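Below: input-v7.pdb (PDB, C-alpha atoms)
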MODEL        1
ATOM      1  CA  MET A   1     -26.341   6.568   5.807
ATOM      2  CA  ARG A   2     -23.330   8.902   5.437
ATOM      3  CA  LEU A   3     -21.037   6.319   3.906
ATOM      4  CA  PRO A   4     -20.462   4.558   1.657
ATOM      5  CA  ARG A   5     -23.372   5.270  -0.677
ATOM      6  CA  ASP A   6     -22.881   9.017  -0.628
ATOM      7  CA  ARG A   7     -19.336   8.374  -1.854
ATOM      8  CA  PHE A   8     -19.791   5.644  -4.468
ATOM      9  CA  ASP A   9     -22.488   3.479  -6.004
ATOM     10  CA  TYR A  10     -22.749  -0.269  -5.654
ATOM     11  CA  SER A  11     -21.401  -1.861  -8.855
ATOM     12  CA  PRO A  12     -21.434  -5.652  -9.421
ATOM     13  CA  ILE A  13     -18.327  -6.593 -11.377
ATOM     14  CA  VAL A  14     -20.264  -9.030 -13.574
ATOM     15  CA  ALA A  15     -22.354  -6.158 -14.965
ATOM     16  CA  ARG A  16     -19.449  -3.906 -15.970
ATOM     17  CA  LYS A  17     -18.216  -3.196 -19.455
ATOM     18  CA  PRO A  18     -14.713  -4.665 -19.827
ATOM     19  CA  TRP A  19     -11.848  -2.192 -19.745
ATOM     20  CA  ARG A  20      -8.468  -2.562 -21.427
ATOM     21  CA  LEU A  21      -4.997  -2.464 -19.927
ATOM     22  CA  PRO A  22      -1.804  -1.485 -21.764
ATOM     23  CA  ARG A  23      -0.703  -3.974 -24.407
ATOM     24  CA  GLY A  24      -3.815  -6.038 -23.794
ATOM     25  CA  ALA A  25      -2.664  -7.218 -20.345
ATOM     26  CA  ARG A  26      -4.975  -9.384 -18.279
ATOM     27  CA  ILE A  27      -3.842  -8.119 -14.928
ATOM     28  CA  ALA A  28      -2.116  -5.128 -13.383
ATOM     29  CA  VAL A  29       0.134  -6.069 -10.451
ATOM     30  CA  TRP A  30       1.431  -3.345  -8.169
ATOM     31  CA  THR A  31       3.690  -3.623  -5.149
ATOM     32  CA  ILE A  32       3.232  -1.422  -2.103
ATOM     33  CA  VAL A  33       6.157  -1.291   0.337
ATOM     34  CA  ASN A  34       4.890   0.344   3.519
ATOM     35  CA  ILE A  35       7.660   2.457   5.049
ATOM     36  CA  GLU A  36       6.734   3.636   8.523
ATOM     37  CA  GLU A  37       8.071   5.630  11.448
ATOM     38  CA  TRP A  38       6.836   4.672  14.909
ATOM     39  CA  ASP A  39       7.034   7.163  17.779
ATOM     40  CA  ILE A  40       8.688   5.368  20.712
ATOM     41  CA  GLU A  41       7.083   7.877  23.107
ATOM     42  CA  LYS A  42       3.614   6.587  22.213
ATOM     43  CA  ALA A  43       1.868   3.221  22.151
ATOM     44  CA  MET A  44       3.189   1.182  19.251
ATOM     45  CA  ALA A  45       1.270   0.914  16.004
ATOM     46  CA  ARG A  46       1.345  -2.867  16.394
ATOM     47  CA  GLN A  47       2.599  -5.392  18.906
ATOM     48  CA  TYR A  48       4.382  -8.597  17.949
ATOM     49  CA  LEU A  49       5.310  -9.287  21.556
ATOM     50  CA  THR A  50       2.640  -8.469  24.119
ATOM     51  CA  ALA A  51       3.736  -6.801  27.350
ATOM     52  CA  PRO A  52       4.029  -8.775  30.617
ATOM     53  CA  GLN A  53       0.659  -8.864  32.394
ATOM     54  CA  ARG A  54      -0.691  -7.217  29.190
ATOM     55  CA  VAL A  55       0.048  -3.778  30.579
ATOM     56  CA  ALA A  56       0.842  -1.188  27.938
ATOM     57  CA  THR A  57       4.396   0.039  28.392
ATOM     58  CA  ILE A  58       6.060   3.202  27.114
ATOM     59  CA  PRO A  59       8.697   2.950  25.838
ATOM     60  CA  ASP A  60       7.779  -0.355  24.225
ATOM     61  CA  VAL A  61      11.331  -1.344  23.393
ATOM     62  CA  PRO A  62      10.894  -4.790  21.744
ATOM     63  CA  ASN A  63       8.071  -3.759  19.436
ATOM     64  CA  TRP A  64       9.682  -0.466  18.453
ATOM     65  CA  ALA A  65      12.901  -2.339  17.736
ATOM     66  CA  TRP A  66      10.959  -4.938  15.696
ATOM     67  CA  HIS A  67       9.848  -2.126  13.401
ATOM     68  CA  ASP A  68      13.290  -0.492  13.402
ATOM     69  CA  TYR A  69      14.890  -3.752  12.223
ATOM     70  CA  GLY A  70      12.898  -3.332   9.040
ATOM     71  CA  MET A  71      14.474   0.050   8.413
ATOM     72  CA  ARG A  72      18.018  -0.995   9.337
ATOM     73  CA  VAL A  73      18.060  -4.389   7.610
ATOM     74  CA  GLY A  74      14.793  -5.688   6.155
ATOM     75  CA  PHE A  75      14.180  -2.825   3.749
ATOM     76  CA  TRP A  76      17.477  -3.412   2.000
ATOM     77  CA  ARG A  77      16.557  -7.028   1.289
ATOM     78  CA  LEU A  78      13.281  -5.946  -0.302
ATOM     79  CA  LEU A  79      15.014  -3.238  -2.318
ATOM     80  CA  GLU A  80      17.589  -5.711  -3.653
ATOM     81  CA  ALA A  81      14.944  -8.319  -4.510
ATOM     82  CA  LEU A  82      12.861  -5.838  -6.493
ATOM     83  CA  ALA A  83      15.846  -4.214  -8.209
ATOM     84  CA  LYS A  84      17.168  -7.596  -9.308
ATOM     85  CA  ARG A  85      13.823  -8.253 -11.013
ATOM     86  CA  LYS A  86      13.577  -4.717 -12.420
ATOM     87  CA  ILE A  87      10.344  -4.059 -10.552
ATOM     88  CA  ARG A  88       9.429  -0.485  -9.673
ATOM     89  CA  ALA A  89       7.381  -0.350  -6.476
ATOM     90  CA  THR A  90       5.135   2.176  -4.808
ATOM     91  CA  THR A  91       6.112   3.175  -1.296
ATOM     92  CA  ALA A  92       3.337   4.142   1.089
ATOM     93  CA  ILE A  93       5.574   6.264   3.267
ATOM     94  CA  ASN A  94       5.173   8.151   6.522
ATOM     95  CA  ALA A  95       6.476  11.488   5.333
ATOM     96  CA  HIS A  96       8.771  12.149   8.297
ATOM     97  CA  VAL A  97      10.824   9.142   7.168
ATOM     98  CA  VAL A  98      12.537  11.439   4.660
ATOM     99  CA  GLU A  99      14.200  13.090   7.654
ATOM    100  CA  SER A 100      14.470  10.325  10.258
ATOM    101  CA  TYR A 101      15.493   7.505   7.867
ATOM    102  CA  GLU A 102      16.848   9.566   4.988
ATOM    103  CA  PRO A 103      19.022   6.803   3.442
ATOM    104  CA  VAL A 104      15.936   4.598   3.034
ATOM    105  CA  ALA A 105      13.974   7.393   1.380
ATOM    106  CA  ARG A 106      16.955   8.284  -0.802
ATOM    107  CA  ALA A 107      17.354   4.691  -1.981
ATOM    108  CA  MET A 108      13.701   4.503  -3.035
ATOM    109  CA  LEU A 109      13.939   7.806  -4.850
ATOM    110  CA  GLU A 110      17.044   6.686  -6.725
ATOM    111  CA  ALA A 111      15.306   3.412  -7.626
ATOM    112  CA  GLY A 112      12.501   5.377  -9.260
ATOM    113  CA  TRP A 113       9.765   4.227  -6.893
ATOM    114  CA  GLU A 114       6.478   6.076  -6.647
ATOM    115  CA  PHE A 115       6.009   7.918  -3.345
ATOM    116  CA  MET A 116       2.485   7.610  -1.933
ATOM    117  CA  GLY A 117       1.258   9.609   1.068
ATOM    118  CA  HIS A 118       0.827   7.604   4.269
ATOM    119  CA  GLY A 119       0.586  10.229   6.991
ATOM    120  CA  VAL A 120       3.438  12.007   8.733
ATOM    121  CA  VAL A 121       4.174   9.297  11.317
ATOM    122  CA  GLN A 122       2.291   6.061  11.863
ATOM    123  CA  GLY A 123      -0.981   6.567  13.732
ATOM    124  CA  ALA A 124      -4.735   6.605  13.179
ATOM    125  CA  MET A 125      -6.194   9.608  11.375
ATOM    126  CA  HIS A 126      -8.947   9.717  14.009
ATOM    127  CA  LEU A 127      -6.475  10.717  16.733
ATOM    128  CA  LEU A 128      -5.067  13.763  14.946
ATOM    129  CA  PRO A 129      -6.215  17.217  16.066
ATOM    130  CA  ASP A 130      -6.026  18.504  12.476
ATOM    131  CA  PRO A 131      -6.358  15.649   9.943
ATOM    132  CA  ARG A 132      -6.351  17.894   6.891
ATOM    133  CA  GLY A 133      -3.325  19.751   8.194
ATOM    134  CA  ALA A 134      -1.530  16.427   8.621
ATOM    135  CA  ILE A 135      -2.340  15.473   5.031
ATOM    136  CA  ARG A 136      -1.006  18.812   3.826
ATOM    137  CA  ARG A 137       2.149  18.453   5.933
ATOM    138  CA  ALA A 138       2.786  14.956   4.578
ATOM    139  CA  MET A 139       2.408  16.178   1.004
ATOM    140  CA  GLU A 140       4.754  19.108   1.619
ATOM    141  CA  LEU A 141       7.489  16.918   3.093
ATOM    142  CA  LEU A 142       7.300  14.400   0.251
ATOM    143  CA  GLU A 143       7.163  17.015  -2.483
ATOM    144  CA  LYS A 144      10.163  18.831  -1.027
ATOM    145  CA  PHE A 145      12.156  15.597  -0.902
ATOM    146  CA  THR A 146      11.161  14.087  -4.249
ATOM    147  CA  GLY A 147      10.481  17.229  -6.268
ATOM    148  CA  LYS A 148       7.050  15.869  -7.143
ATOM    149  CA  LYS A 149       3.726  16.057  -5.356
ATOM    150  CA  PRO A 150       2.364  12.570  -4.620
ATOM    151  CA  LYS A 151      -0.804  11.558  -6.412
ATOM    152  CA  GLY A 152      -1.815   8.707  -4.098
ATOM    153  CA  TRP A 153      -2.716   8.188  -0.457
ATOM    154  CA  LEU A 154      -2.966   5.202   1.867
ATOM    155  CA  GLY A 155      -4.216   6.023   5.336
ATOM    156  CA  PRO A 156      -2.000   4.829   8.202
ATOM    157  CA  GLY A 157      -3.596   1.506   9.066
ATOM    158  CA  LEU A 158      -6.081   2.371   6.252
ATOM    159  CA  THR A 159      -7.784   4.745   8.689
ATOM    160  CA  GLU A 160     -10.086   7.516   7.538
ATOM    161  CA  THR A 161     -12.479   9.894   9.228
ATOM    162  CA  TRP A 162     -15.798  10.695   7.549
ATOM    163  CA  GLU A 163     -14.170  13.749   6.006
ATOM    164  CA  THR A 164     -10.875  12.226   4.841
ATOM    165  CA  PRO A 165     -11.863  11.776   1.155
ATOM    166  CA  ASP A 166     -12.867  15.450   1.004
ATOM    167  CA  HIS A 167      -9.594  16.507   2.607
ATOM    168  CA  LEU A 168      -7.545  14.349   0.231
ATOM    169  CA  ALA A 169      -9.207  15.706  -2.889
ATOM    170  CA  ALA A 170      -8.963  19.282  -1.616
ATOM    171  CA  GLU A 171      -5.210  18.818  -1.093
ATOM    172  CA  GLY A 172      -4.720  17.586  -4.650
ATOM    173  CA  ILE A 173      -4.583  13.825  -4.077
ATOM    174  CA  GLU A 174      -5.871  11.896  -7.105
ATOM    175  CA  TYR A 175      -6.229   8.346  -5.798
ATOM    176  CA  VAL A 176      -6.719   6.519  -2.514
ATOM    177  CA  SER A 177      -6.361   2.841  -1.624
ATOM    178  CA  ASP A 178      -8.087   2.532   1.762
ATOM    179  CA  TRP A 179     -11.239   0.978   0.278
ATOM    180  CA  VAL A 180     -10.339  -2.670  -0.248
ATOM    181  CA  ASN A 181     -13.681  -3.597  -1.821
ATOM    182  CA  ASP A 182     -12.928  -4.243  -5.494
ATOM    183  CA  ASP A 183     -10.564  -5.795  -8.040
ATOM    184  CA  GLN A 184     -10.865  -2.798 -10.375
ATOM    185  CA  PRO A 185     -10.554   0.960  -9.885
ATOM    186  CA  TYR A 186     -13.656   3.098  -9.414
ATOM    187  CA  GLU A 187     -14.506   6.706  -8.549
ATOM    188  CA  ILE A 188     -15.163   8.082  -5.057
ATOM    189  CA  ARG A 189     -17.213  11.273  -4.874
ATOM    190  CA  THR A 190     -15.896  14.187  -2.818
ATOM    191  CA  GLN A 191     -16.695  17.866  -2.370
ATOM    192  CA  SER A 192     -13.688  18.708  -4.563
ATOM    193  CA  GLY A 193     -14.308  16.255  -7.384
ATOM    194  CA  PRO A 194     -13.718  12.512  -7.726
ATOM    195  CA  LEU A 195     -10.917  10.427  -6.270
ATOM    196  CA  VAL A 196      -9.944   7.148  -7.902
ATOM    197  CA  SER A 197      -9.977   4.093  -5.673
ATOM    198  CA  VAL A 198      -7.035   1.890  -6.704
ATOM    199  CA  PRO A 199      -7.382  -1.659  -5.323
ATOM    200  CA  TYR A 200      -5.247  -2.450  -2.292
ATOM    201  CA  THR A 201      -5.303  -5.655  -0.245
ATOM    202  CA  LEU A 202      -5.762  -7.097   3.202
ATOM    203  CA  GLU A 203      -5.633 -10.705   1.987
ATOM    204  CA  CYS A 204      -2.185 -10.413   0.371
ATOM    205  CA  ASN A 205      -0.834  -8.077   3.017
ATOM    206  CA  ASP A 206       1.966  -9.484   5.129
ATOM    207  CA  ILE A 207       0.608  -7.775   8.254
ATOM    208  CA  ALA A 208      -2.599  -9.783   8.044
ATOM    209  CA  VAL A 209      -0.990 -13.048   6.931
ATOM    210  CA  MET A 210       1.967 -13.093   9.311
ATOM    211  CA  ALA A 211       1.436 -10.722  12.239
ATOM    212  CA  LEU A 212      -2.308 -11.159  12.751
ATOM    213  CA  GLN A 213      -3.158 -14.608  11.396
ATOM    214  CA  HIS A 214       0.217 -16.086  12.401
ATOM    215  CA  HIS A 215       0.662 -18.247   9.329
ATOM    216  CA  ALA A 216       3.908 -19.967   8.461
ATOM    217  CA  SER A 217       6.196 -17.908   6.236
ATOM    218  CA  SER A 218       5.487 -20.173   3.260
ATOM    219  CA  GLU A 219       1.794 -19.212   3.346
ATOM    220  CA  TRP A 220       2.707 -15.926   1.682
ATOM    221  CA  LEU A 221       3.824 -17.732  -1.471
ATOM    222  CA  VAL A 222       0.828 -20.068  -1.541
ATOM    223  CA  ARG A 223      -1.698 -17.307  -1.001
ATOM    224  CA  CYS A 224      -0.199 -14.874  -3.506
ATOM    225  CA  LYS A 225       0.063 -17.551  -6.214
ATOM    226  CA  ASP A 226      -3.558 -18.573  -5.664
ATOM    227  CA  GLN A 227      -4.675 -14.932  -5.711
ATOM    228  CA  PHE A 228      -2.773 -14.244  -8.891
ATOM    229  CA  ASP A 229      -3.984 -17.380 -10.678
ATOM    230  CA  ARG A 230      -7.656 -16.577 -10.158
ATOM    231  CA  LEU A 231      -7.351 -12.897 -11.064
ATOM    232  CA  TYR A 232      -5.254 -13.787 -14.102
ATOM    233  CA  ALA A 233      -7.919 -16.227 -15.294
ATOM    234  CA  GLU A 234     -10.747 -13.742 -14.725
ATOM    235  CA  GLY A 235      -8.722 -11.036 -16.414
ATOM    236  CA  ALA A 236      -8.997 -12.809 -19.755
ATOM    237  CA  LYS A 237     -12.536 -11.373 -20.011
ATOM    238  CA  ASN A 238     -12.244  -8.232 -17.904
ATOM    239  CA  PRO A 239      -8.804  -7.213 -16.542
ATOM    240  CA  ARG A 240      -8.153  -7.151 -12.809
ATOM    241  CA  VAL A 241      -5.786  -5.369 -10.420
ATOM    242  CA  MET A 242      -3.702  -7.254  -7.865
ATOM    243  CA  ALA A 243      -1.900  -5.545  -4.994
ATOM    244  CA  LEU A 244       0.965  -6.990  -2.971
ATOM    245  CA  ALA A 245       1.457  -5.113   0.294
ATOM    246  CA  VAL A 246       4.555  -5.679   2.406
ATOM    247  CA  HIS A 247       6.443  -4.205   5.343
ATOM    248  CA  PRO A 248      10.232  -4.372   5.805
ATOM    249  CA  TYR A 249       9.975  -5.665   9.380
ATOM    250  CA  ILE A 250       7.863  -8.614   8.189
ATOM    251  CA  SER A 251       8.709  -9.624   4.613
ATOM    252  CA  GLY A 252      12.279  -8.358   4.918
ATOM    253  CA  VAL A 253      13.319 -10.797   7.643
ATOM    254  CA  PRO A 254      15.680 -13.668   6.768
ATOM    255  CA  HIS A 255      13.165 -16.516   7.004
ATOM    256  CA  ARG A 256      10.587 -14.822   4.735
ATOM    257  CA  ILE A 257      12.529 -13.045   2.008
ATOM    258  CA  LYS A 258      12.797 -16.120  -0.230
ATOM    259  CA  TYR A 259       9.000 -16.405  -0.341
ATOM    260  CA  PHE A 260       8.703 -12.745  -1.285
ATOM    261  CA  GLU A 261      11.182 -13.313  -4.112
ATOM    262  CA  ALA A 262       9.436 -16.494  -5.244
ATOM    263  CA  VAL A 263       6.122 -14.677  -5.692
ATOM    264  CA  TYR A 264       7.661 -12.336  -8.255
ATOM    265  CA  ASP A 265       9.544 -15.111 -10.001
ATOM    266  CA  TYR A 266       6.229 -16.934 -10.436
ATOM    267  CA  ILE A 267       4.348 -13.875 -11.721
ATOM    268  CA  ARG A 268       7.106 -12.878 -14.127
ATOM    269  CA  GLU A 269       6.825 -16.224 -15.916
ATOM    270  CA  LYS A 270       3.335 -15.279 -17.177
ATOM    271  CA  SER A 271       2.497 -13.212 -20.236
ATOM    272  CA  GLY A 272      -0.130 -10.486 -20.183
ATOM    273  CA  VAL A 273       0.993  -9.037 -16.830
ATOM    274  CA  TRP A 274       1.432  -5.297 -16.345
ATOM    275  CA  MET A 275       3.889  -4.725 -13.479
ATOM    276  CA  THR A 276       3.095  -1.180 -12.493
ATOM    277  CA  THR A 277       2.436   1.403  -9.768
ATOM    278  CA  GLY A 278      -0.658   2.907  -8.207
ATOM    279  CA  GLU A 279      -0.095   6.193 -10.014
ATOM    280  CA  GLU A 280       0.060   4.474 -13.405
ATOM    281  CA  ILE A 281      -3.107   2.474 -12.695
ATOM    282  CA  CYS A 282      -4.910   5.653 -11.681
ATOM    283  CA  GLU A 283      -3.809   7.513 -14.809
ATOM    284  CA  TRP A 284      -4.738   4.634 -17.101
ATOM    285  CA  PHE A 285      -8.163   4.313 -15.498
ATOM    286  CA  LYS A 286      -8.889   8.026 -15.881
ATOM    287  CA  GLN A 287      -7.813   7.998 -19.519
ATOM    288  CA  SER A 288      -9.988   4.980 -20.236
ATOM    289  CA  ARG A 289     -13.051   6.900 -19.044
ATOM    290  CA  ARG A 290     -12.522   9.921 -21.301
TER     291      ARG A 290
ENDMDL
END

structure tokens encoding of this file:
Amino acid sequence: MRLPRDRFDYSPIVARKPWRLPRGARIAVWTIVNIEEWDIEKAMARQYLTAPQRVATIPDVPNWAWHDYGMRVGFWRLLEALAKRKIRATTAINAHVVESYEPVARAMLEAGWEFMGHGVVQGAMHLLPDPRGAIRRAMELLEKFTGKKPKGWLGPGLTETWETPDHLAAEGIEYVSDWVNDDQPYEIRTQSGPLVSVPYTLECNDIAVMALQHHASSEWLVRCKDQFDRLYAEGAKNPRVMALAVHPYISGVPHRIKYFEAVYDYIREKSGVWMTTGEEICEWFKQSRR
């Protein structure tokens, strides 16, 4: 079997030695705002409105515009909500956004957000003629814009080829979040040394909750509170990591933003919570293993 056992060992969480978080926190909570660019000349990354007779159409105007609303309007609601609560997020960003939606990228940079690689434009890694070249290009664009090379990577749609971990490590990436199989970081073996897997989420991801499972907007608040409560309780013995993954065209719409805000208001009432970024989790994990 090529994967996953050649990349990482099976590790039951109940058998692990407890690790410590800064200031004795029980839980690390990080926010990932996925900032994407969709190519209107290709099939859309996702469809909220299916085409008549279910025939794929190009250009797919309503679904492209659904995404574009997030960049024109929804993003700014998310930015304001997080700034008001003094929360620094991680953006998983398609690198070409720094050119095509420069004001969005500039606002995140000025807010001090972490920039995490997420491809050049939105699309599966499997469809690229040169996946490693695309990773390199994404890193170059982000480093030129921010002045800092990103340490993290989230595959577009969490897609990877068999070779992606090797490519990421070879290009200097330090952590990846495609492997949503744990509540704590762990190491992934590559030909260029280990990557750190920082926990991401499908369960508390607004794409899954809203666009795929079609839950009511209020389900986001219920699910995130329940997720937090259990991880917070378990973290008393062995700290956990909780990810909150959102998209401007979903969580940034008028009828959902209050639930996004309410999640953070609930979490911020608790003690022993480390509100952080993927980069900081990765660095803390590596230091704890030295």

For this session: Extract, using only C-alpha atoms, all DNA, RNA and protein residues at most 9 Å from stretch 224-229 of chain A, discarding same-chain residues fewer than 3 positions from it, and format them as a VMD selection string.
Result: chain A and resid 27 29 203 to 204 219 to 221 232 to 234 242 244 263 266 to 267

For this session: Carefully work through the PyMOL selection byres ((chain A and resi 176) around 7) for this structure and note down the residues it includes, as a VMD selection string.
Result: chain A and resid 152 to 154 175 177 to 178 195 to 198

For this session: Might you spell out which residues the PyMOL selection byres ((chain A and resi 119) around 9) would select in the displayed file, as number ranges by chain?
Result: A: 92-96, 117-118, 120-125, 134-135, 137-139, 153-156

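Each of A:Gly112, A:Gly74, A:Pro165, A:Pro4 was compared to A:Lys86 using all atoms listed in the file, and A:Gly112 turns out to be the nearest.
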
For this session: Just the residues within 10 Å of stretch 55-64 of chain A, please, counting all atoms listed in the file, with nothing from its chain fewer than 5 positions along; format it as a VMD selection string.
Result: chain A and resid 37 to 50 69

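Closest approach to A:Ala216 among A:Tyr101, A:Tyr259, A:Phe115, A:Trp66: A:Tyr259, based on only C-alpha atoms.
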